[in-house]
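S.K.: Here you go, one structure.
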Amino acid sequence: MNTSPPYLGFGLGLRTCYFEDIIQTQPDVDWFEIISENYFVDGGKPWHYLEQIKERYPIAMHGVSMSIGSTCKVNFDYLKQLKRTIHRVNPVWISDHLCFSSLGAFNSHDLLPMPYTEEALAHLSERLRIVQDFLERPVILENVSSYLTYHQSQMTEWDFLCALHRQSGCQFLLDINNVYVSARNHGFDAMDYLNAIEQQAVAQIHLAGHSDFGSHIVDTHDQPVCDAVWQLFQRYTQSRPPVNTMIERDDNFPPFKTLMAELHQARAIAPKSWRSNG
């Protein structure tokens, strides 16, 4: 299942602290991305505002709990909640993370990287087929930042993603900050990773911040996009067709105008052809 989403332009993560700003100012944002699980309940403040916001803006859904790489049985209770929410939101696309977070009864409450093996590739391809068949629509998968590697891995992360795309048609949410975090932590060239992913395999881009501890960096998504990530974005986007691009902030929220300034910076850095919707 490989249906590319439409190109909408430049978006923001929709967070509760910005609801009033968005309703009152109707900002120059092309689309918003919600956290899927925040809308599994039937009512409440998030739905009250989302119903108003989605009348004006396209909405994408981004999940954090699918754990698609897990060896546990597929959680159809979770998928039923997700499917019900999809029907209610009618998003332009849905995404989650290429990772696992559960192992038996243990839940790490974190996004753990896969081992990059042929066995894991076959397992993930089959899990993706099951999930997409149940949801009746494609699922875009995001690369996670990582702080460990596996002795068992037989290929690089980017080779694993390329193989998954060839085998399943899966498209990716390319988080450039996460690539930078992993590159710094593991000592590879971030541009080698970015250039390896085929253009048609990239459906969306995330830009975010992190915390730098010198010897390692942690993907906290609670800081502004740093200069190095902006530079990677600029280098990556040159001579490429437009990709839906979003500023993601999950904590330590700045004033809404500060977040909008980052969105305008992303528009300014991207090639002119990307700004037709901006």
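Each chain of the structure tokens is named A, B, ... in the order shown, its residues numbered from 1; ligands are numbered from 1 in display order.
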Using only C-alpha atoms, which protein or nucleic acid residues come within 7 Å of region 41-52 of chain A? Drop anything in the same chain fewer than 3 positions from it, and give the result as a ChimeraX atom specification.
M.R.: /A:16,19,55
S.K.: Create the file for the chosen residues now, containing N, CA, C and O atoms and written as a PDB file, in the first residue's frame.
M.R.:
ATOM      1  N   THR A  16      -2.249  21.690  23.060  1.00  0.00           N
ATOM      2  CA  THR A  16      -3.353  22.326  23.776  1.00  0.00           C
ATOM      3  C   THR A  16      -3.056  23.774  24.151  1.00  0.00           C
ATOM      4  O   THR A  16      -3.963  24.614  24.152  1.00  0.00           O
ATOM      5  N   PHE A  19      -4.230  26.280  21.440  1.00  0.00           N
ATOM      6  CA  PHE A  19      -5.588  26.260  20.896  1.00  0.00           C
ATOM      7  C   PHE A  19      -6.160  27.668  20.737  1.00  0.00           C
ATOM      8  O   PHE A  19      -6.667  28.038  19.677  1.00  0.00           O
ATOM      9  N   GLU A  55     -12.089  22.666  10.671  1.00  0.00           N
ATOM     10  CA  GLU A  55     -12.957  23.296   9.673  1.00  0.00           C
ATOM     11  C   GLU A  55     -12.155  24.192   8.732  1.00  0.00           C
ATOM     12  O   GLU A  55     -12.560  24.420   7.588  1.00  0.00           O
TER      13      GLU A  55
END
S.K.: Determine, counting only C-alpha atoms, which protein, DNA and RNA residues have an atom within 6 Å of an atom of Leu112 (chain A); residues of the same chain fewer than 3 positions away are not included. Present the result as a PyMOL selection string.
M.R.: chain A and resi 99-101
S.K.: Can you check which residues of region 208-250 of chain A DSSP gives as strand (DSSP E or B) on the backbone and send them as a list in words?
M.R.: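 Written out, the strand (DSSP E or B) residues of region 208-250 of chain A are Ser211, Asp212, Ile217, Val218, Asn244, Thr245, Met246 and Ile247 of chain A.
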S.K.: Give me the residues near Asp222 (chain A) as a list in words, where near means some atom within 7 Å (using only C-alpha atoms) and where sequence neighbours in that chain fewer than 2 positions away do not count.
M.R.: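 Listed by chain and then number, they are Gly209, His210, Thr220, Arg249, Asp250, Asp251 and Asn252 of chain A.
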S.K.: Write out as a PDB file with N, CA and C atoms, in the first residue's frame each polymer residue whose atoms come within 12 Å of Arg235 (chain A), counting only C-alpha atoms; drop sequence neighbours fewer than 5 positions from it.
M.R.:
ATOM      1  N   ILE A 176      14.477  15.096  10.648  1.00  0.00           N
ATOM      2  CA  ILE A 176      15.872  15.470  10.418  1.00  0.00           C
ATOM      3  C   ILE A 176      16.603  15.687  11.734  1.00  0.00           C
ATOM      4  N   ALA A 190      25.293  12.448   8.875  1.00  0.00           N
ATOM      5  CA  ALA A 190      23.848  12.594   8.729  1.00  0.00           C
ATOM      6  C   ALA A 190      23.435  12.714   7.263  1.00  0.00           C
ATOM      7  N   MET A 191      24.259  13.341   6.438  1.00  0.00           N
ATOM      8  CA  MET A 191      23.901  13.482   5.027  1.00  0.00           C
ATOM      9  C   MET A 191      23.968  12.149   4.290  1.00  0.00           C
ATOM     10  N   ASP A 192      24.822  11.220   4.719  1.00  0.00           N
ATOM     11  CA  ASP A 192      24.822   9.885   4.127  1.00  0.00           C
ATOM     12  C   ASP A 192      23.459   9.235   4.322  1.00  0.00           C
ATOM     13  N   LEU A 194      20.496  10.877   4.986  1.00  0.00           N
ATOM     14  CA  LEU A 194      19.445  11.612   4.276  1.00  0.00           C
ATOM     15  C   LEU A 194      19.485  11.362   2.771  1.00  0.00           C
ATOM     16  N   ASN A 195      20.671  11.328   2.202  1.00  0.00           N
ATOM     17  CA  ASN A 195      20.791  11.137   0.755  1.00  0.00           C
ATOM     18  C   ASN A 195      20.456   9.723   0.317  1.00  0.00           C
ATOM     19  N   ALA A 228      22.627  23.455  13.260  1.00  0.00           N
ATOM     20  CA  ALA A 228      23.091  22.279  12.519  1.00  0.00           C
ATOM     21  C   ALA A 228      21.936  21.558  11.831  1.00  0.00           C
ATOM     22  N   VAL A 229      20.780  21.504  12.492  1.00  0.00           N
ATOM     23  CA  VAL A 229      19.603  20.857  11.884  1.00  0.00           C
ATOM     24  C   VAL A 229      19.041  21.728  10.764  1.00  0.00           C
ATOM     25  N   TRP A 230      19.027  23.044  10.947  1.00  0.00           N
ATOM     26  CA  TRP A 230      18.623  23.931   9.846  1.00  0.00           C
ATOM     27  C   TRP A 230      19.529  23.731   8.633  1.00  0.00           C
ATOM     28  N   ARG A 240      15.185  18.982  -4.580  1.00  0.00           N
ATOM     29  CA  ARG A 240      14.248  17.899  -4.301  1.00  0.00           C
ATOM     30  C   ARG A 240      12.822  18.410  -4.470  1.00  0.00           C
ATOM     31  N   ILE A 269      14.019  28.843   4.180  1.00  0.00           N
ATOM     32  CA  ILE A 269      15.174  27.996   3.859  1.00  0.00           C
ATOM     33  C   ILE A 269      14.875  27.064   2.698  1.00  0.00           C
ATOM     34  N   ALA A 270      13.645  26.551   2.639  1.00  0.00           N
ATOM     35  CA  ALA A 270      13.276  25.595   1.603  1.00  0.00           C
ATOM     36  C   ALA A 270      13.340  26.232   0.217  1.00  0.00           C
ATOM     37  N   PRO A 271      13.514  25.420  -0.825  1.00  0.00           N
ATOM     38  CA  PRO A 271      13.498  25.970  -2.188  1.00  0.00           C
ATOM     39  C   PRO A 271      12.190  26.711  -2.485  1.00  0.00           C
TER      40      PRO A 271
END
S.K.: Please provide the set of residues having any atom within 12 Å of Phe253 (chain A), restricted to only C-alpha atoms, with same-chain residues fewer than 3 positions apart removed, written as a list in words.
M.R.: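 Final neighbour list, sorted by chain and number: Gly13, Leu14, Arg15, Thr16, Cys17, Tyr18, Gly209, His221, Asp222, Gln223, Pro224, Glu248, Arg249, Asp250, Phe256, Lys257, Thr258 and Leu259 of chain A.
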S.K.: Next, the residues of the selection above should be written as a tab-separated table (two decimals), in the first residue's frame with N, CA, C and O atoms.
M.R.:
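Saved result, out.tsv, follows:
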chain	number	residue	atom	x	y	z
A	13	GLY	N	2.82	21.18	14.91
A	13	GLY	CA	2.18	20.26	15.83
A	13	GLY	C	1.11	20.99	16.63
A	13	GLY	O	1.38	22.06	17.18
A	14	LEU	N	-0.09	20.44	16.67
A	14	LEU	CA	-1.20	21.09	17.38
A	14	LEU	C	-1.15	20.66	18.85
A	14	LEU	O	-1.38	19.50	19.17
A	15	ARG	N	-0.86	21.61	19.75
A	15	ARG	CA	-0.76	21.34	21.17
A	15	ARG	C	-1.78	22.20	21.93
A	15	ARG	O	-2.11	23.31	21.51
A	16	THR	N	-2.25	21.69	23.06
A	16	THR	CA	-3.35	22.33	23.78
A	16	THR	C	-3.06	23.77	24.15
A	16	THR	O	-3.96	24.61	24.15
A	17	CYS	N	-1.80	24.08	24.47
A	17	CYS	CA	-1.47	25.44	24.91
A	17	CYS	C	-1.62	26.47	23.79
A	17	CYS	O	-1.61	27.69	24.07
A	18	TYR	N	-1.75	26.02	22.55
A	18	TYR	CA	-1.87	26.94	21.43
A	18	TYR	C	-3.29	27.01	20.86
A	18	TYR	O	-3.52	27.73	19.88
A	209	GLY	N	13.91	20.29	18.10
A	209	GLY	CA	15.11	20.57	18.87
A	209	GLY	C	15.50	19.41	19.77
A	209	GLY	O	14.79	18.41	19.87
A	221	HIS	N	12.86	17.35	22.02
A	221	HIS	CA	11.82	18.13	21.32
A	221	HIS	C	11.29	19.27	22.20
A	221	HIS	O	10.12	19.60	22.13
A	222	ASP	N	12.16	19.84	23.02
A	222	ASP	CA	11.72	20.94	23.90
A	222	ASP	C	12.60	22.18	23.74
A	222	ASP	O	12.60	23.06	24.59
A	223	GLN	N	13.35	22.21	22.63
A	223	GLN	CA	14.24	23.34	22.35
A	223	GLN	C	14.01	23.82	20.92
A	223	GLN	O	13.41	23.10	20.11
A	224	PRO	N	14.46	25.02	20.58
A	224	PRO	CA	14.36	25.47	19.19
A	224	PRO	C	15.18	24.56	18.27
A	224	PRO	O	16.11	23.88	18.71
A	248	GLU	N	8.00	20.62	15.13
A	248	GLU	CA	7.45	19.80	16.22
A	248	GLU	C	8.02	20.28	17.55
A	248	GLU	O	9.23	20.36	17.72
A	249	ARG	N	7.14	20.56	18.49
A	249	ARG	CA	7.55	20.97	19.84
A	249	ARG	C	6.67	20.22	20.83
A	249	ARG	O	5.44	20.28	20.74
A	250	ASP	N	7.28	19.52	21.80
A	250	ASP	CA	6.52	18.67	22.72
A	250	ASP	C	6.60	19.09	24.17
A	250	ASP	O	5.93	18.51	25.04
A	256	PHE	N	3.40	31.44	21.05
A	256	PHE	CA	3.02	30.94	19.73
A	256	PHE	C	3.76	31.70	18.62
A	256	PHE	O	4.15	31.11	17.60
A	257	LYS	N	3.99	33.00	18.81
A	257	LYS	CA	4.67	33.78	17.78
A	257	LYS	C	6.11	33.29	17.57
A	257	LYS	O	6.66	33.39	16.46
A	258	THR	N	6.73	32.74	18.63
A	258	THR	CA	8.08	32.19	18.51
A	258	THR	C	8.07	30.93	17.66
A	258	THR	O	8.95	30.73	16.81
A	259	LEU	N	7.07	30.09	17.86
A	259	LEU	CA	6.94	28.89	17.04
A	259	LEU	C	6.65	29.26	15.59
A	259	LEU	O	7.19	28.63	14.66
S.K.: Out of A:Pro254, A:Pro58, A:Gly187, A:Pro113, which residue has the shortest atom-to-atom distance to Gly9 (chain A) when counting only C-alpha atoms?
M.R.: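 Ranked by minimum distance to Gly9 (chain A), first place goes to A:Pro58.
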S.K.: Out of A:Leu164, A:Val243, A:Ala203, A:Ala266, which residue has the shortest atom-to-atom distance to Asp227 (chain A) when counting only C-alpha atoms?
M.R.: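 Among the listed residues, A:Ala266 lies closest to Asp227 (chain A).
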S.K.: Enumerate as number ranges by chain all residues of region 3-230 of chain A assigned to helix (DSSP H, G or I) by DSSP on the backbone, naming them with the chain letters and numbers the document uses.
M.R.: A: 16-25, 36-39, 45-53, 76-89, 118-135, 157-168, 176-186, 190-196, 199-201, 227-230
S.K.: Any idea what's packed within 9 Å of Ala163 (chain A), counting only C-alpha atoms, ignoring anything in its chain fewer than 5 positions away? Could you give it as a count of residues only?
M.R.: 3
S.K.: Using only C-alpha atoms, which residues sit within 10 Å of Phe32 (chain A) once same-chain residues fewer than 3 positions away are excluded, as a list in words?
M.R.: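 Final neighbour list, sorted by chain and number: Phe10, Gly11, Leu12, Gly13, Leu14, Arg15, Val29, Ile53, Lys54, Tyr57, Pro58, Ile59, Ala60, Met61, Pro91, Met246 and Ile247 of chain A.
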S.K.: Write out the residues from the selection above, keeping N, CA, C and O atoms, as a CSV table (one decimal), in the first residue's frame.
M.R.:
chain,number,residue,atom,x,y,z
A,10,PHE,N,3.7,23.8,4.8
A,10,PHE,CA,4.4,23.8,6.1
A,10,PHE,C,3.4,23.8,7.3
A,10,PHE,O,2.5,24.7,7.3
A,11,GLY,N,3.6,22.9,8.2
A,11,GLY,CA,2.6,22.8,9.3
A,11,GLY,C,3.3,22.9,10.7
A,11,GLY,O,4.5,23.0,10.8
A,12,LEU,N,2.4,22.8,11.7
A,12,LEU,CA,2.8,22.8,13.1
A,12,LEU,C,2.2,21.6,13.8
A,12,LEU,O,1.1,21.2,13.5
A,13,GLY,N,2.8,21.2,14.9
A,13,GLY,CA,2.2,20.3,15.8
A,13,GLY,C,1.1,21.0,16.6
A,13,GLY,O,1.4,22.1,17.2
A,14,LEU,N,-0.1,20.4,16.7
A,14,LEU,CA,-1.2,21.1,17.4
A,14,LEU,C,-1.2,20.7,18.8
A,14,LEU,O,-1.4,19.5,19.2
A,15,ARG,N,-0.9,21.6,19.7
A,15,ARG,CA,-0.8,21.3,21.2
A,15,ARG,C,-1.8,22.2,21.9
A,15,ARG,O,-2.1,23.3,21.5
A,29,VAL,N,-0.6,29.0,8.7
A,29,VAL,CA,-0.2,27.6,8.8
A,29,VAL,C,-0.9,26.8,7.8
A,29,VAL,O,-2.1,26.9,7.6
A,53,ILE,N,-10.8,23.9,14.6
A,53,ILE,CA,-9.6,24.1,13.8
A,53,ILE,C,-9.7,23.3,12.5
A,53,ILE,O,-9.2,23.8,11.5
A,54,LYS,N,-10.2,22.1,12.6
A,54,LYS,CA,-10.2,21.3,11.3
A,54,LYS,C,-11.2,21.7,10.3
A,54,LYS,O,-11.2,21.3,9.2
A,57,TYR,N,-8.3,24.1,8.7
A,57,TYR,CA,-7.0,23.5,8.4
A,57,TYR,C,-7.1,22.0,8.2
A,57,TYR,O,-7.7,21.3,8.9
A,58,PRO,N,-6.3,21.5,7.2
A,58,PRO,CA,-6.1,20.1,7.1
A,58,PRO,C,-5.4,19.5,8.4
A,58,PRO,O,-4.6,20.2,8.9
A,59,ILE,N,-5.7,18.3,8.7
A,59,ILE,CA,-5.2,17.7,9.9
A,59,ILE,C,-4.5,16.4,9.6
A,59,ILE,O,-5.1,15.5,8.9
A,60,ALA,N,-3.3,16.2,10.1
A,60,ALA,CA,-2.6,14.9,10.0
A,60,ALA,C,-2.6,14.3,11.4
A,60,ALA,O,-2.6,15.0,12.4
A,61,MET,N,-2.6,12.9,11.5
A,61,MET,CA,-2.5,12.2,12.8
A,61,MET,C,-1.2,11.5,12.9
A,61,MET,O,-0.7,10.8,12.0
A,91,PRO,N,-8.2,12.5,8.7
A,91,PRO,CA,-6.9,13.2,8.4
A,91,PRO,C,-6.5,13.0,7.0
A,91,PRO,O,-6.9,12.1,6.3
A,246,MET,N,7.1,20.1,8.9
A,246,MET,CA,6.5,20.6,10.1
A,246,MET,C,7.5,20.9,11.2
A,246,MET,O,8.5,20.2,11.4
A,247,ILE,N,7.2,21.9,12.0
A,247,ILE,CA,7.9,22.2,13.3
A,247,ILE,C,7.2,21.4,14.4
A,247,ILE,O,6.0,21.6,14.6
S.K.: Report, in Å to a single decimal, how far apart CA of Leu141 (chain A) and CA of Ser95 (chain A) are.
M.R.: 5.6 Å
